[in-house]
Amino acid sequence: VIRGREEPDRMVILGNHSDAWSYGAVDPSSGTAALLETARAFGEALKKGHRPRRTVVFAVWDGEEPLLGGSTQWALDNAEALRSGAVAYINVDTGVQGGEFTGGATPALAEFLREVTKAVADPVTGKPLHDAWASRFDERVPRVNTIVGATDYTAFQEYLGVSCIDMYFDGPYGVYHSQYDNYFRQSTIVDRDFAIGIGLAQLWGTLAWRL
């Protein structure tokens with residue numbers, strides 16, 4: 001937790017889970033790595049005197065795979081404080097499956113997500129992430145998915161009414177929940193220099209700072 005300098009009771013929460021069916025290189029470790037890198041960057045900024053206005057919470061949940069256990073229990077345990085103070089929850093689960101950015105959000109944050117992607121480079125093409133994302137749609141406007149209870153944002157959005165973002169880089173993922181979702185595949189096929197993971201962390205950090 002990094003306490004906010006002006007609104008310490010207002011929280012921006014970043015979350016990912018740690019449990020996996022087997023090795024979990026994509027699900028969830030690619031997201032975990034990006035979360036840890038985002039936290040490290042915030043820590044470096046804090047050392048240099050850059051404290052965010054609001055409190056930032058970095059959460060790594062357990063028990064997501066069985067039944068969203070860790071995030072749900074934390075949301076229940078802190079429901080009163082979260083209902084009154086949570087600004088947004090930004091979730092990453094299977095962070096890097098491939099190289100195509102996919103974003104979903106509660107409708108209130110859809111345009112915000114689009115805007116922030118203009119300030120971050122796409123790790124595959126080097127273009128603004130917004131443009132690379134938009135290029136996949138005929139209308140050339142990034143399509144923000146509607147998110148409906150599938151991972152750790154569920155308790156925040158569905159039970160507490162907190163606005164949420166859920167995002168990842170998509171791609172072929174035929175090894176889902178298997179022993180082949182491992183470090184070798186991730187480091188040689190999916191994200192050789194971990195550049196996509198770095199791009200994910202940069203986006204996550206920028207979203208959090210702006211909130």
# chains A, B, ... in the order shown; residues from 1 in each chain; ligands from 1

call {"tool": "closest_atom_pairs", "arguments": {"of": "stretch 21-127 of chain A", "to": "stretch 178-200 of chain A", "cutoff": "10 Å", "atoms": "only C-alpha atoms", "output": "tab-separated table"}}
result
residue	atom	partner	partner_atom	distance
A:Trp21	CA	A:Ser178	CA	6.9
A:Ser22	CA	A:Gln179	CA	5.3
A:Tyr23	CA	A:Asn182	CA	5.4
A:Gly24	CA	A:Asp181	CA	5.5
A:Ala25	CA	A:Asn182	CA	4.8
A:Val26	CA	A:Asp181	CA	6.4
A:Asp27	CA	A:Asp181	CA	7.7
A:Pro28	CA	A:Asp181	CA	9.9
A:Ser29	CA	A:Tyr183	CA	9.4
A:Ser30	CA	A:Gly197	CA	6.8
A:Gly31	CA	A:Gly197	CA	7.9
A:Thr32	CA	A:Gly197	CA	9.9
A:Ala33	CA	A:Gly197	CA	7.6
A:Ala34	CA	A:Gly197	CA	6.0
A:Leu35	CA	A:Leu200	CA	9.0
A:Glu37	CA	A:Ile198	CA	8.0
A:Thr38	CA	A:Leu200	CA	9.1
A:Val92	CA	A:Leu200	CA	9.2
A:Gly95	CA	A:Gly197	CA	7.4
A:Val96	CA	A:Gly197	CA	6.4
A:Gln97	CA	A:Val190	CA	6.7
A:Gly98	CA	A:Val190	CA	5.7
A:Gly99	CA	A:Ile196	CA	6.8
A:Glu100	CA	A:Ile196	CA	9.5
A:Phe101	CA	A:Leu200	CA	8.9
A:Val120	CA	A:Gly199	CA	7.8
A:Ala121	CA	A:Gly199	CA	7.2
A:Asp122	CA	A:Gly199	CA	6.8
A:Pro123	CA	A:Ile196	CA	5.3
A:Val124	CA	A:Ile196	CA	7.0

call {"tool": "write_last_selection", "arguments": {"atoms": "N, CA and C atoms", "output": "JSON list (two decimals), in the first residue's frame"}}
result
[["chain", "number", "residue", "atom", "x", "y", "z"],
["A", 21, "TRP", "N", -3.23, -23.62, -12.06],
["A", 21, "TRP", "CA", -3.54, -25.04, -12.17],
["A", 21, "TRP", "C", -2.27, -25.87, -12.28],
["A", 22, "SER", "N", -1.27, -25.35, -12.96],
["A", 22, "SER", "CA", 0.00, -26.06, -13.05],
["A", 22, "SER", "C", 1.12, -25.03, -12.93],
["A", 23, "TYR", "N", 1.92, -24.82, -13.97],
["A", 23, "TYR", "CA", 3.00, -23.83, -13.87],
["A", 23, "TYR", "C", 2.47, -22.40, -13.97],
["A", 24, "GLY", "N", 1.46, -22.19, -14.80],
["A", 24, "GLY", "CA", 0.80, -20.89, -14.84],
["A", 24, "GLY", "C", 1.64, -19.75, -15.36],
["A", 25, "ALA", "N", 2.43, -19.98, -16.41],
["A", 25, "ALA", "CA", 3.28, -18.90, -16.92],
["A", 25, "ALA", "C", 2.46, -17.73, -17.46],
["A", 26, "VAL", "N", 1.40, -18.06, -18.23],
["A", 26, "VAL", "CA", 0.48, -17.01, -18.67],
["A", 26, "VAL", "C", -0.51, -16.69, -17.55],
["A", 27, "ASP", "N", -1.16, -17.73, -17.06],
["A", 27, "ASP", "CA", -2.26, -17.60, -16.10],
["A", 27, "ASP", "C", -1.86, -18.16, -14.75],
["A", 28, "PRO", "N", -1.41, -17.30, -13.82],
["A", 28, "PRO", "CA", -1.48, -15.85, -13.81],
["A", 28, "PRO", "C", -0.13, -15.13, -13.86],
["A", 29, "SER", "N", 0.99, -15.88, -14.02],
["A", 29, "SER", "CA", 2.30, -15.30, -13.69],
["A", 29, "SER", "C", 2.71, -14.15, -14.59],
["A", 30, "SER", "N", 2.24, -14.13, -15.84],
["A", 30, "SER", "CA", 2.56, -12.97, -16.68],
["A", 30, "SER", "C", 1.93, -11.71, -16.11],
["A", 31, "GLY", "N", 0.74, -11.85, -15.53],
["A", 31, "GLY", "CA", 0.11, -10.71, -14.86],
["A", 31, "GLY", "C", 0.79, -10.37, -13.55],
["A", 32, "THR", "N", 1.20, -11.39, -12.81],
["A", 32, "THR", "CA", 1.89, -11.16, -11.54],
["A", 32, "THR", "C", 3.19, -10.39, -11.76],
["A", 33, "ALA", "N", 3.95, -10.78, -12.79],
["A", 33, "ALA", "CA", 5.20, -10.10, -13.09],
["A", 33, "ALA", "C", 4.96, -8.63, -13.41],
["A", 34, "ALA", "N", 3.92, -8.34, -14.19],
["A", 34, "ALA", "CA", 3.60, -6.95, -14.53],
["A", 34, "ALA", "C", 3.17, -6.16, -13.30],
["A", 35, "LEU", "N", 2.43, -6.80, -12.39],
["A", 35, "LEU", "CA", 2.02, -6.12, -11.16],
["A", 35, "LEU", "C", 3.22, -5.80, -10.29],
["A", 37, "GLU", "N", 6.29, -5.37, -11.26],
["A", 37, "GLU", "CA", 7.07, -4.32, -11.91],
["A", 37, "GLU", "C", 6.40, -2.95, -11.73],
["A", 38, "THR", "N", 5.08, -2.92, -11.80],
["A", 38, "THR", "CA", 4.35, -1.67, -11.56],
["A", 38, "THR", "C", 4.57, -1.19, -10.14],
["A", 92, "VAL", "N", -5.62, -7.59, -13.80],
["A", 92, "VAL", "CA", -4.96, -8.35, -14.86],
["A", 92, "VAL", "C", -4.87, -9.79, -14.39],
["A", 95, "GLY", "N", -2.10, -12.08, -18.23],
["A", 95, "GLY", "CA", -1.61, -10.80, -18.75],
["A", 95, "GLY", "C", -1.11, -10.84, -20.18],
["A", 96, "VAL", "N", -0.28, -11.84, -20.51],
["A", 96, "VAL", "CA", 0.34, -11.88, -21.84],
["A", 96, "VAL", "C", 0.13, -13.25, -22.46],
["A", 97, "GLN", "N", -0.91, -13.35, -23.30],
["A", 97, "GLN", "CA", -1.17, -14.55, -24.09],
["A", 97, "GLN", "C", -0.58, -14.40, -25.49],
["A", 98, "GLY", "N", -0.40, -13.16, -25.92],
["A", 98, "GLY", "CA", 0.08, -12.85, -27.25],
["A", 98, "GLY", "C", 0.33, -11.36, -27.35],
["A", 99, "GLY", "N", 0.16, -10.79, -28.55],
["A", 99, "GLY", "CA", 0.54, -9.41, -28.76],
["A", 99, "GLY", "C", -0.57, -8.43, -29.06],
["A", 100, "GLU", "N", -1.85, -8.85, -28.96],
["A", 100, "GLU", "CA", -2.96, -7.97, -29.29],
["A", 100, "GLU", "C", -3.67, -7.50, -28.03],
["A", 101, "PHE", "N", -3.59, -6.19, -27.77],
["A", 101, "PHE", "CA", -4.20, -5.68, -26.55],
["A", 101, "PHE", "C", -5.72, -5.82, -26.58],
["A", 120, "VAL", "N", 0.69, 5.45, -24.20],
["A", 120, "VAL", "CA", 1.57, 4.30, -24.00],
["A", 120, "VAL", "C", 1.84, 3.65, -25.35],
["A", 121, "ALA", "N", 3.08, 3.22, -25.57],
["A", 121, "ALA", "CA", 3.43, 2.58, -26.84],
["A", 121, "ALA", "C", 2.99, 1.12, -26.85],
["A", 122, "ASP", "N", 2.52, 0.68, -28.02],
["A", 122, "ASP", "CA", 2.24, -0.74, -28.22],
["A", 122, "ASP", "C", 3.58, -1.48, -28.25],
["A", 123, "PRO", "N", 3.77, -2.49, -27.40],
["A", 123, "PRO", "CA", 5.08, -3.15, -27.33],
["A", 123, "PRO", "C", 5.43, -3.98, -28.56],
["A", 124, "VAL", "N", 4.47, -4.24, -29.43],
["A", 124, "VAL", "CA", 4.73, -5.03, -30.63],
["A", 124, "VAL", "C", 5.09, -4.15, -31.82]]

call {"tool": "residues_around", "arguments": {"residues": "stretch 106-109 of chain A", "least_positions_apart": "5", "cutoff": "7 Å", "atoms": "only C-alpha atoms", "output": "ChimeraX atom specification"}}
result
/A:146-147,163-165

call {"tool": "residues_around", "arguments": {"residues": "A:Arg40", "least_positions_apart": "5", "cutoff": "12 Å", "atoms": "only C-alpha atoms", "output": "PyMOL selection string"}}
result
chain A and resi 1-2+33-35+45-47+58+201-202+205

call {"tool": "closest_residue", "arguments": {"among": "A:Ala41, A:Ala150, A:Arg53, A:Ile90", "to": "A:Glu6", "atoms": "only C-alpha atoms"}}
result
A:Arg53

call {"tool": "atom_distance", "arguments": {"atom1": "atom CA of A:Thr72", "atom2": "atom CA of A:Thr154"}}
result
7.8 Å
